[in-house]
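S.K.: Below is query_7.csv; it holds CSV, C-alpha atoms.
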```
chain,number,residue,atom,x,y,z
Z,36,MET,CA,93.3,97.5,90.5
Z,37,CYS,CA,96.0,99.8,89.2
Z,38,ALA,CA,99.3,98.5,88.1
Z,39,ILE,CA,101.9,101.2,88.4
Z,40,LYS,CA,105.1,101.1,86.4
Z,41,GLY,CA,108.0,102.2,88.6
Z,42,SER,CA,106.1,104.8,90.5
Z,43,ALA,CA,103.2,104.9,93.0
Z,44,ARG,CA,101.9,108.1,91.6
Z,45,ALA,CA,100.6,107.6,88.1
Z,46,ALA,CA,98.3,104.8,87.3
Z,47,THR,CA,99.1,103.4,83.9
Z,48,ARG,CA,96.7,100.4,83.5
Z,49,ILE,CA,93.5,99.1,85.1
Z,50,PHE,CA,93.3,95.3,85.9
Z,51,SER,CA,91.1,93.0,87.9
Z,52,LEU,CA,91.8,92.3,91.6
Z,53,PRO,CA,95.0,90.3,92.3
Z,54,PRO,CA,94.9,87.3,94.6
Z,55,PHE,CA,96.9,89.1,97.3
Z,56,CYS,CA,93.8,91.0,98.4
Z,57,PRO,CA,92.2,88.8,101.1
Z,58,TRP,CA,88.8,90.5,100.7
Z,59,SER,CA,88.7,90.4,96.9
Z,60,SER,CA,85.8,88.6,95.3
Z,61,THR,CA,87.8,87.3,92.3
Z,62,ALA,CA,91.2,85.6,92.0
Z,63,SER,CA,91.5,86.3,88.3
Z,64,TYR,CA,94.1,88.8,87.1
Z,65,ASN,CA,96.1,89.7,84.1
Z,66,LYS,CA,99.2,87.5,83.9
Z,67,LYS,CA,101.3,90.2,82.4
Z,68,VAL,CA,100.8,92.4,85.5
Z,69,ALA,CA,101.8,89.5,87.8
Z,70,LYS,CA,105.4,89.9,86.6
Z,71,ALA,CA,107.7,91.8,88.9
Z,72,ASP,CA,107.8,94.9,86.6
Z,73,TYR,CA,104.9,96.6,88.4
Z,74,ASP,CA,103.8,97.8,91.8
Z,75,LEU,CA,100.3,96.5,92.5
Z,76,ILE,CA,97.7,98.4,94.4
Z,77,GLY,CA,94.5,96.6,95.6
Z,78,PRO,CA,91.1,97.8,96.6
Z,79,PRO,CA,90.7,99.5,100.0
Z,80,ASP,CA,90.5,97.5,103.1
Z,81,PRO,CA,86.9,97.6,104.3
Z,82,THR,CA,87.9,98.7,107.8
Z,83,SER,CA,91.0,100.9,107.5
Z,84,ASN,CA,90.3,102.2,103.9
Z,85,ILE,CA,94.0,101.8,103.2
Z,86,ARG,CA,94.8,100.0,99.9
Z,87,PRO,CA,97.2,97.0,100.1
Z,88,ILE,CA,100.3,97.2,98.0
Z,89,LYS,CA,102.5,94.6,96.4
Z,90,LEU,CA,105.8,96.0,95.3
Z,91,LYS,CA,107.9,95.0,92.2
Z,92,ASN,CA,111.1,93.2,92.8
Z,93,PRO,CA,113.9,95.6,93.8
Z,94,ALA,CA,116.8,96.2,91.4
Z,95,SER,CA,119.3,96.9,94.2
Z,96,LYS,CA,119.9,96.7,97.9
Z,97,ALA,CA,119.0,100.3,98.3
Z,98,GLU,CA,115.7,99.8,96.6
Z,99,GLU,CA,115.1,96.8,98.8
Z,100,GLU,CA,115.7,98.9,101.9
Z,101,LEU,CA,113.3,101.6,100.5
Z,102,GLN,CA,110.6,99.0,99.9
Z,103,LYS,CA,111.0,97.6,103.4
Z,104,LEU,CA,110.4,101.2,104.7
Z,105,GLN,CA,107.5,101.7,102.4
Z,106,LEU,CA,105.8,98.5,103.7
Z,107,GLN,CA,106.5,99.6,107.3
Z,108,ILE,CA,104.8,102.9,106.6
Z,109,TRP,CA,101.9,101.0,105.0
Z,110,ALA,CA,101.6,98.7,108.0
Z,111,PHE,CA,101.7,101.7,110.4
Z,112,ASN,CA,98.9,103.5,108.5
Z,113,HIS,CA,96.8,100.4,108.1
Z,114,GLY,CA,97.1,99.5,111.8
Z,115,PHE,CA,96.3,103.0,113.1
Z,116,TRP,CA,93.3,103.6,110.8
Z,117,LYS,CA,91.8,100.1,111.3
Z,118,ARG,CA,91.9,100.6,115.1
Z,119,HIS,CA,90.7,104.2,114.8
Z,120,ASN,CA,87.8,103.5,112.4
Z,121,MET,CA,86.6,100.5,114.5
Z,122,GLU,CA,86.7,102.6,117.7
Z,123,PHE,CA,84.9,105.5,115.9
Z,124,GLN,CA,82.1,103.3,114.6
Z,125,GLU,CA,81.6,101.6,118.0
Z,126,CYS,CA,81.5,105.0,119.8
Z,127,LYS,CA,79.2,106.5,117.2
Z,128,ASP,CA,76.8,103.6,117.5
Z,129,ASP,CA,76.8,103.9,121.3
Z,130,PHE,CA,76.2,107.6,121.1
Z,131,ILE,CA,73.3,107.2,118.7
Z,132,LYS,CA,71.7,104.6,120.9
Z,133,LYS,CA,72.2,106.6,124.1
Z,134,THR,CA,70.9,109.8,122.5
Z,135,LEU,CA,67.8,108.1,121.1
Z,136,GLU,CA,67.0,106.5,124.5
Z,137,GLU,CA,67.3,110.0,126.2
Z,138,LYS,CA,65.0,111.5,123.6
Z,139,ARG,CA,62.4,108.8,124.2
Z,140,ALA,CA,62.7,109.1,128.0
Z,141,GLY,CA,62.3,112.8,127.7
Z,142,GLY,CA,58.9,112.3,126.0
Z,143,GLU,CA,59.9,113.1,122.4
Z,144,THR,CA,58.5,110.8,119.8
Z,145,THR,CA,60.9,109.8,117.2
Z,146,ASP,CA,60.0,107.4,114.4
Z,147,SER,CA,63.5,107.3,113.0
Z,148,LYS,CA,66.6,105.6,114.3
Z,149,LYS,CA,68.8,108.4,113.0
Z,150,LEU,CA,70.0,111.6,114.5
Z,151,THR,CA,70.3,115.0,112.8
Z,152,ALA,CA,73.6,116.4,111.6
Z,153,ASN,CA,73.5,118.9,114.4
Z,154,GLU,CA,73.1,116.1,117.0
Z,155,LEU,CA,75.9,114.1,115.5
Z,156,SER,CA,78.2,117.1,115.4
Z,157,VAL,CA,78.3,116.9,119.2
Z,158,PHE,CA,79.6,113.3,119.0
Z,159,TYR,CA,82.2,114.3,116.3
Z,160,LYS,CA,83.5,117.1,118.5
Z,161,LEU,CA,83.7,114.8,121.6
Z,162,PHE,CA,85.4,112.0,119.6
Z,163,LEU,CA,88.0,114.3,118.1
Z,164,ASP,CA,88.7,115.9,121.5
Z,165,ASP,CA,89.1,112.5,123.2
Z,166,ASN,CA,91.4,111.3,120.5
Z,167,TYR,CA,93.5,114.4,120.1
Z,168,ARG,CA,96.6,112.9,121.6
Z,169,ASP,CA,96.4,109.7,119.5
Z,170,HIS,CA,96.1,111.9,116.3
Z,171,ARG,CA,99.0,114.0,117.4
Z,172,GLU,CA,101.1,111.0,118.1
Z,173,TYR,CA,100.1,109.4,114.8
Z,174,THR,CA,101.1,112.6,112.9
Z,175,LYS,CA,104.4,112.8,114.7
Z,176,ASN,CA,105.3,109.2,113.9
Z,177,TRP,CA,104.0,109.5,110.3
Z,178,LEU,CA,106.1,112.6,109.7
Z,179,ARG,CA,109.2,110.8,111.1
Z,180,LEU,CA,108.6,107.8,108.8
Z,181,GLN,CA,107.9,110.0,105.7
Z,182,THR,CA,111.1,112.0,106.4
Z,183,ALA,CA,113.1,108.8,106.5
Z,184,PHE,CA,111.3,107.6,103.3
Z,185,THR,CA,112.1,110.9,101.5
Z,186,TRP,CA,115.8,110.8,102.3
Z,187,LEU,CA,116.1,107.1,101.4
Z,188,SER,CA,114.2,107.8,98.1
Z,189,MET,CA,116.6,110.6,97.3
Z,190,LYS,CA,119.5,108.2,98.0
Z,191,VAL,CA,118.0,105.5,95.7
Z,192,LYS,CA,117.4,108.1,92.9
Z,193,LEU,CA,120.9,109.4,93.2
Z,194,LEU,CA,122.4,105.9,93.1
Z,195,ASN,CA,120.2,105.0,90.1
Z,196,PHE,CA,121.3,108.2,88.3
Z,197,VAL,CA,125.0,107.5,89.0
Z,198,HIS,CA,124.6,103.9,87.8
Z,199,PHE,CA,122.8,105.0,84.7
Z,200,ARG,CA,125.6,107.5,83.8
Z,201,LYS,CA,128.2,104.7,83.9
```
The structure in this file should be written as structure tokens.
M.R.:
Amino acid sequence: MCAIKGSARAATRIFSLPPFCPWSSTASYNKKVAKADYDLIGPPDPTSNIRPIKLKNPASKAEEELQKLQLQIWAFNHGFWKRHNMEFQECKDDFIKKTLEEKRAGGETTDSKKLTANELSVFYKLFLDDNYRDHREYTKNWLRLQTAFTWLSMKVKLLNFVHFRK
């Protein structure tokens, strides 16, 4: 668990898992970090591999708007990758099962329940080709959200700078 002071880029301290992570095995965490001075980032979700975030209390309306957009982007990424990874694993399992059955029906004797990297590369290519439009749509929406986030971040930084100068 990283507690990040003010920025989501540089980890400043390491702490135990906070209680807002539904899959965490522990509910203990450092009380100092629980204050609203830090953004909290939890362990990756087991399905989407996206880390949950808990943002510090906003100092202004502009920061609150920025945090809402940040959480919207997080939810967008989490939803897409959770669905995608579940579909990928399901399709991969089906492909392996089908390929091993075809090998056995063809007279090949295989002791293992695994395929070679070359055999799996066929699946990876098929899966990427079948999901090309989904990935293209995801990228387009992600870029739109990130552009809005960048502009809003610049607005917040400018407002904070002007407020600091007064």
S.K.: Please indicate the distance in Å from atom CA of Trp177 of chain Z to atom CA of Ile108 of chain Z, rounded to one decimal place.
M.R.: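 Result for atom CA of Trp177 of chain Z versus atom CA of Ile108 of chain Z: 7.6 Å, one decimal.
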S.K.: Do you know which residues are at most 12 Å from His119 of chain Z counting all atoms listed in the file, after dropping those on the same chain fewer than 3 positions away, and could you put them as a list of chain:residue names?
M.R.: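 So the residues in contact are Z:Thr82, Z:Ser83, Z:Asn84, Z:Asn112, Z:His113, Z:Gly114, Z:Phe115, Z:Trp116, Z:Glu122, Z:Phe123, Z:Gln124, Z:Glu125, Z:Cys126, Z:Lys127, Z:Phe162, Z:Leu163, Z:Asp165, Z:Asn166, Z:Tyr167, Z:Asp169, Z:His170, Z:Tyr173.
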S.K.: Can you pull out every residue within 12 Å of His198 of chain Z, counting all atoms listed in the file, but drop anything in the same chain fewer than 4 positions away, and send it as a ChimeraX atom specification?
M.R.: /Z:94-95,191-194
S.K.: For atom CA of Thr182 of chain Z and atom CA of Ala110 of chain Z, quote the distance in Å rounded to one decimal.
M.R.: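 Going from atom CA of Thr182 of chain Z over to atom CA of Ala110 of chain Z, I get 16.4 Å.
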S.K.: Give the answer as one residue: which of Z:Phe196, Z:Thr185, Z:Leu101, Z:Asn120 has the shortest atom-to-atom distance to Ile85 of chain Z, using only C-alpha atoms?
M.R.: Z:Asn120
